[in-house]
>>> print(open('input.cif').read())   # mmCIF, C-alpha atoms
data_upload
loop_
_atom_site.label_atom_id
_atom_site.label_comp_id
_atom_site.auth_asym_id
_atom_site.auth_seq_id
_atom_site.Cartn_x
_atom_site.Cartn_y
_atom_site.Cartn_z
CA MET Q 1 -128.37 -35.24 -91.84
CA SER Q 2 -126.67 -37.50 -94.32
CA THR Q 3 -127.25 -38.04 -98.02
CA ARG Q 4 -128.13 -41.41 -99.58
CA GLY Q 5 -128.80 -41.65 -103.26
CA GLY Q 6 -129.17 -37.89 -103.49
CA VAL Q 7 -131.86 -37.90 -100.81
CA SER Q 8 -131.23 -36.29 -97.42
CA THR Q 9 -131.90 -38.62 -94.50
CA TRP Q 10 -131.59 -38.41 -90.77
CA PRO Q 11 -128.51 -40.11 -89.25
CA THR Q 12 -129.04 -43.76 -88.42
CA VAL Q 13 -127.75 -45.76 -85.46
CA ARG Q 14 -125.17 -47.27 -87.81
CA ASP Q 15 -123.93 -43.74 -88.72
CA ALA Q 16 -123.67 -42.87 -85.03
CA ARG Q 17 -121.66 -46.01 -84.32
CA ARG Q 18 -119.24 -45.22 -87.18
CA THR Q 19 -118.78 -41.68 -85.86
CA THR Q 20 -118.21 -42.97 -82.32
CA ARG Q 21 -115.60 -45.53 -83.52
CA ALA Q 22 -113.78 -42.83 -85.52
CA ALA Q 23 -113.77 -40.48 -82.52
CA LYS Q 24 -112.40 -43.25 -80.25
CA ALA Q 25 -109.68 -44.09 -82.77
CA LEU Q 26 -108.75 -40.44 -83.03
CA ALA Q 27 -108.67 -40.09 -79.24
CA LEU Q 28 -106.49 -43.21 -78.87
CA GLY Q 29 -104.17 -41.91 -81.57
CA LEU Q 30 -103.80 -38.58 -79.78
CA VAL Q 31 -103.16 -40.30 -76.45
CA GLY Q 32 -100.52 -42.49 -78.11
CA LEU Q 33 -98.91 -39.48 -79.76
CA GLY Q 34 -98.84 -37.66 -76.44
CA ALA Q 35 -97.18 -40.63 -74.72
CA TRP Q 36 -94.63 -40.86 -77.54
CA LEU Q 37 -93.81 -37.14 -77.24
CA VAL Q 38 -93.36 -37.41 -73.48
CA ALA Q 39 -91.09 -40.44 -73.89
CA CYS Q 40 -89.01 -38.74 -76.57
CA SER Q 41 -88.57 -35.53 -74.62
CA SER Q 42 -87.84 -37.18 -71.28
CA ASP Q 43 -84.40 -36.40 -69.91
CA SER Q 44 -84.75 -37.84 -66.45
CA ASN Q 45 -81.43 -39.68 -66.62
CA ASP Q 46 -79.57 -37.30 -68.95
CA THR Q 47 -78.07 -40.08 -71.05
CA PHE Q 48 -77.98 -40.24 -74.80
CA PRO Q 49 -79.61 -40.70 -77.24
CA GLY Q 50 -82.34 -38.17 -76.79
CA CYS Q 51 -83.33 -34.60 -76.73
CA LEU Q 52 -82.27 -33.05 -73.43
CA THR Q 53 -83.72 -29.95 -71.83
CA SER Q 54 -81.41 -29.69 -68.81
CA THR Q 55 -77.65 -29.15 -68.97
CA PRO Q 56 -76.11 -32.63 -69.38
CA ALA Q 57 -72.91 -33.97 -67.90
CA GLY Q 58 -69.97 -34.61 -70.21
CA SER Q 59 -66.26 -34.11 -70.75
CA TYR Q 60 -67.00 -30.73 -72.40
CA ALA Q 61 -67.60 -29.29 -68.90
CA GLN Q 62 -63.83 -29.43 -68.22
CA THR Q 63 -63.04 -26.82 -70.88
CA CYS Q 64 -66.36 -25.03 -71.44
CA GLU Q 65 -68.13 -22.47 -69.25
CA SER Q 66 -71.24 -20.29 -69.15
CA CYS Q 67 -73.30 -23.24 -70.41
CA SER Q 68 -77.07 -22.95 -70.76
CA MET Q 69 -79.93 -24.79 -72.40
CA SER Q 70 -82.54 -23.22 -74.66
CA GLY Q 71 -85.02 -25.94 -75.43
CA THR Q 72 -82.81 -28.82 -76.55
CA VAL Q 73 -79.86 -26.63 -77.63
CA LEU Q 74 -76.78 -26.52 -75.39
CA THR Q 75 -74.81 -23.26 -75.68
CA CYS Q 76 -71.36 -22.84 -74.07
CA THR Q 77 -68.22 -20.76 -74.33
CA CYS Q 78 -65.48 -23.34 -75.01
CA ARG Q 79 -61.70 -23.05 -75.08
CA GLY Q 80 -59.78 -24.50 -77.97
CA GLY Q 81 -60.89 -22.45 -80.95
CA ALA Q 82 -58.48 -20.71 -83.30
CA ASN Q 83 -59.05 -17.40 -81.50
CA GLY Q 84 -59.21 -18.71 -77.93
CA ALA Q 85 -62.61 -19.22 -76.32
CA GLN Q 86 -65.66 -19.12 -78.56
CA VAL Q 87 -69.43 -19.55 -78.28
CA THR Q 88 -70.61 -22.89 -79.63
CA ARG Q 89 -74.03 -24.60 -79.82
CA LEU Q 90 -75.22 -28.19 -80.12
CA ASP Q 91 -78.78 -29.45 -80.52
CA THR Q 92 -78.82 -32.49 -78.24
CA CYS Q 93 -81.48 -34.08 -80.48
CA SER Q 94 -78.74 -34.55 -83.10
CA CYS Q 95 -76.91 -37.05 -80.86
CA ASP Q 96 -77.68 -40.72 -81.45
CA SER Q 97 -76.37 -43.70 -79.52
CA ALA Q 98 -73.69 -44.52 -82.10
CA SER Q 99 -72.11 -41.07 -82.12
CA ALA Q 100 -72.85 -39.95 -78.60
CA SER Q 101 -71.23 -42.80 -76.64
CA ASN Q 102 -72.97 -41.18 -73.67
CA ASP Q 103 -70.69 -38.13 -73.84
CA LEU Q 104 -70.61 -34.59 -75.16
CA SER Q 105 -67.17 -33.15 -75.78
CA ASN Q 106 -65.30 -29.99 -76.70
CA ASP Q 107 -63.47 -30.68 -79.96
CA LYS Q 108 -61.18 -27.70 -80.56
CA GLY Q 109 -63.76 -25.19 -79.34
CA VAL Q 110 -66.81 -26.89 -80.88
CA LEU Q 111 -69.37 -28.94 -78.96
CA LYS Q 112 -69.97 -32.37 -80.48
CA CYS Q 113 -71.66 -35.67 -79.76
CA GLY Q 114 -69.23 -38.33 -78.54
CA SER Q 115 -65.58 -38.03 -77.63
CA ALA Q 116 -63.30 -35.36 -79.08
CA SER Q 117 -61.10 -36.46 -81.98
CA SER Q 118 -57.97 -36.27 -79.84
CA GLY Q 119 -59.48 -36.56 -76.38
CA PRO Q 120 -61.00 -33.66 -74.51
CA ALA Q 121 -59.59 -30.37 -75.67
CA GLY Q 122 -57.10 -29.15 -73.13
CA PRO Q 123 -56.32 -25.53 -72.61
CA GLU Q 124 -55.27 -24.15 -75.96
CA LYS Q 125 -52.21 -21.97 -76.31
CA CYS Q 126 -53.07 -18.31 -76.53
CA SER Q 127 -51.44 -16.05 -79.13
CA PRO Q 128 -50.95 -12.52 -77.81
CA LYS Q 129 -51.84 -9.66 -80.13
CA SER Q 130 -48.95 -7.66 -81.46
CA GLY Q 131 -50.14 -4.34 -82.72
CA GLU Q 132 -52.09 -1.22 -82.03
CA CYS Q 133 -55.16 -1.07 -79.85
CA LYS Q 134 -57.76 1.42 -78.67
CA ASN Q 135 -58.71 -0.34 -75.41
CA ASN Q 136 -58.11 -3.57 -73.47
CA GLY Q 137 -60.91 -5.30 -75.43
CA ASP Q 138 -58.69 -5.18 -78.53
CA CYS Q 139 -56.00 -7.26 -76.78
CA ARG Q 140 -55.83 -11.00 -76.00
CA CYS Q 141 -54.35 -13.37 -73.44
CA GLY Q 142 -54.49 -10.99 -70.49
CA GLN Q 143 -52.69 -8.16 -72.27
CA THR Q 144 -53.46 -4.53 -71.58
CA CYS Q 145 -53.65 -1.68 -74.05
CA PHE Q 146 -51.19 1.01 -73.04
CA ALA Q 147 -49.12 3.79 -74.53
CA SER Q 148 -45.54 2.80 -75.17
CA ALA Q 149 -44.42 6.41 -74.91
CA VAL Q 150 -45.73 9.72 -73.65
CA CYS Q 151 -46.73 12.02 -76.49
CA SER Q 152 -49.88 13.43 -78.05
CA THR Q 153 -49.56 11.39 -81.25
CA CYS Q 154 -48.28 8.09 -79.82
CA SER Q 155 -50.38 5.05 -80.47
CA LYS Q 156 -51.32 2.44 -77.91
CA ARG Q 157 -50.18 -1.18 -78.20
CA CYS Q 158 -51.20 -4.47 -76.64
CA GLY Q 159 -48.64 -5.84 -74.24
CA TYR Q 160 -47.66 -6.84 -70.74
CA SER Q 161 -46.37 -4.19 -68.38
CA CYS Q 162 -43.60 -5.23 -66.04
CA SER Q 163 -41.15 -4.08 -63.43
CA ASN Q 164 -38.48 -6.82 -63.79
CA ASN Q 165 -37.29 -9.63 -66.08
CA GLU Q 166 -38.69 -12.41 -63.86
CA GLU Q 167 -42.25 -11.15 -64.42
CA CYS Q 168 -41.75 -11.50 -68.18
CA SER Q 169 -40.06 -14.90 -68.18
CA GLY Q 170 -42.94 -16.50 -66.25
CA LEU Q 171 -45.72 -15.25 -68.55
CA LYS Q 172 -45.49 -18.06 -71.13
CA ALA Q 173 -46.25 -20.80 -68.59
CA GLU Q 174 -48.60 -18.74 -66.43
CA LEU Q 175 -50.87 -17.66 -69.31
CA ASN Q 176 -50.25 -20.68 -71.62
CA LEU Q 177 -48.89 -18.42 -74.37
CA THR Q 178 -47.53 -19.43 -77.77
CA VAL Q 179 -44.61 -17.03 -77.35
CA GLY Q 180 -42.25 -16.32 -74.50
CA TYR Q 181 -40.87 -13.09 -73.11
CA SER Q 182 -37.47 -12.80 -71.47
CA ARG Q 183 -36.85 -9.21 -70.53
CA CYS Q 184 -38.55 -6.14 -69.17
CA THR Q 185 -37.68 -3.20 -71.41
CA LYS Q 186 -38.19 0.54 -70.96
CA THR Q 187 -40.13 1.74 -74.01
CA SER Q 188 -40.01 5.49 -73.50
CA PRO Q 189 -36.90 7.59 -72.89
CA SER Q 190 -38.95 10.27 -71.15
CA ALA Q 191 -41.28 8.15 -68.97
CA GLU Q 192 -41.12 5.08 -66.77
CA ILE Q 193 -43.04 2.78 -69.12
CA TYR Q 194 -41.87 -0.84 -69.21
CA ARG Q 195 -43.15 -3.82 -71.15
CA CYS Q 196 -42.19 -7.44 -71.71
CA GLU Q 197 -40.31 -8.33 -74.87
#
>>> encode(input="input.cif", output="structure tokens")
Amino acid sequence: MSTRGGVSTWPTVRDARRTTRAAKALALGLVGLGAWLVACSSDSNDTFPGCLTSTPAGSYAQTCESCSMSGTVLTCTCRGGANGAQVTRLDTCSCDSASASNDLSNDKGVLKCGSASSGPAGPEKCSPKSGECKNNGDCRCGQTCFASAVCSTCSKRCGYSCSNNEECSGLKAELNLTVGYSRCTKTSPSAEIYRCE
């Protein structure tokens, strides 16, 4: 029923036609919206701009690992951060054609649209930890946590164990370290404990 002039009347053919036209317009609008959503979320060729749902190609892959997608967000562990490798995320929907240049890059440990500010981040130098530790997880750059002497109150320190000077002199290049070591030194007068210095 509809109301005309305060009087309830039964729907007319004209009312039915208006309702049918409105329903058709709504249906066409929903179909159009659906097509637009499909087009915007399509990642069949994995080029930018656009929201991607599968891991895209890019220069970041040279220095990032353990990459995964969650929706449109790319998450990787990338080398080049201040503390070595770090977890970084980028919503691929934030990349537009001007900034993306059809590439994703690792810019000093951070994923970004487009090329890195100074080219792809190469392997960053690693700064070994100098100081006490409780376990190997407290150390960096391939160091191990070991006692520098044998006693009940001796603390453990991060370092590189060795058996000769050559092992120490090659560490800087082998592990891409910020510091170099030149000699293998015995650290305890009562035990055979050696470390690089």
>>> atom_distance(input="input.cif", atom1="CA of Val87 (chain Q)", atom2="CA of Ser59 (chain Q)")
16.7 Å
>>> resolve_selection(input="input.cif", expression="the PyMOL selection byres ((chain Q and resi 141) around 8)", output="number ranges by chain")
Q: 126-128, 139-140, 142-143, 175, 177
>>> closest_residue(input="input.cif", among="Q:Cys113, Q:Cys184, Q:Cys151, Q:Leu52", to="Glu166 (chain Q)", atoms="all atoms listed in the file")
Q:Cys184
>>> resolve_selection(input="input.cif", expression="the PyMOL selection byres ((chain Q and resi 62) around 12)", output="JSON, numbers by chain")
{"Q": [57, 58, 59, 60, 61, 63, 64, 65, 66, 67, 76, 77, 78, 79, 80, 104, 105, 106, 107, 109, 119, 120, 121, 122, 123]}
>>> atom_distance(input="input.cif", atom1="CA of Thr178 (chain Q)", atom2="CA of Ser115 (chain Q)")
25.9 Å
>>> atom_distance(input="input.cif", atom1="CA of Arg157 (chain Q)", atom2="CA of Ile193 (chain Q)")
12.2 Å
>>> residues_around(input="input.cif", residues="Cys168 (chain Q)", least_positions_apart="6", cutoff="6 Å", atoms="only C-alpha atoms", output="list in words")
Tyr181, Ser182, Arg183 and Cys196 of chain Q
>>> resolve_selection(input="input.cif", expression="the PyMOL selection byres ((chain Q and resi 73) around 8)", output="list in words")
Thr53, Met69, Ser70, Gly71, Thr72, Leu74, Thr75, Arg89, Leu90, Asp91 and Thr92 of chain Q
>>> closest_residue(input="input.cif", among="Q:Thr187, Q:Gln86, Q:Ser169, Q:Ser155", to="Cys133 (chain Q)", atoms="only C-alpha atoms")
Q:Ser155
>>> closest_residue(input="input.cif", among="Q:Thr88, Q:Thr144, Q:Thr185, Q:Ser54", to="Asn165 (chain Q)", atoms="all atoms listed in the file")
Q:Thr185
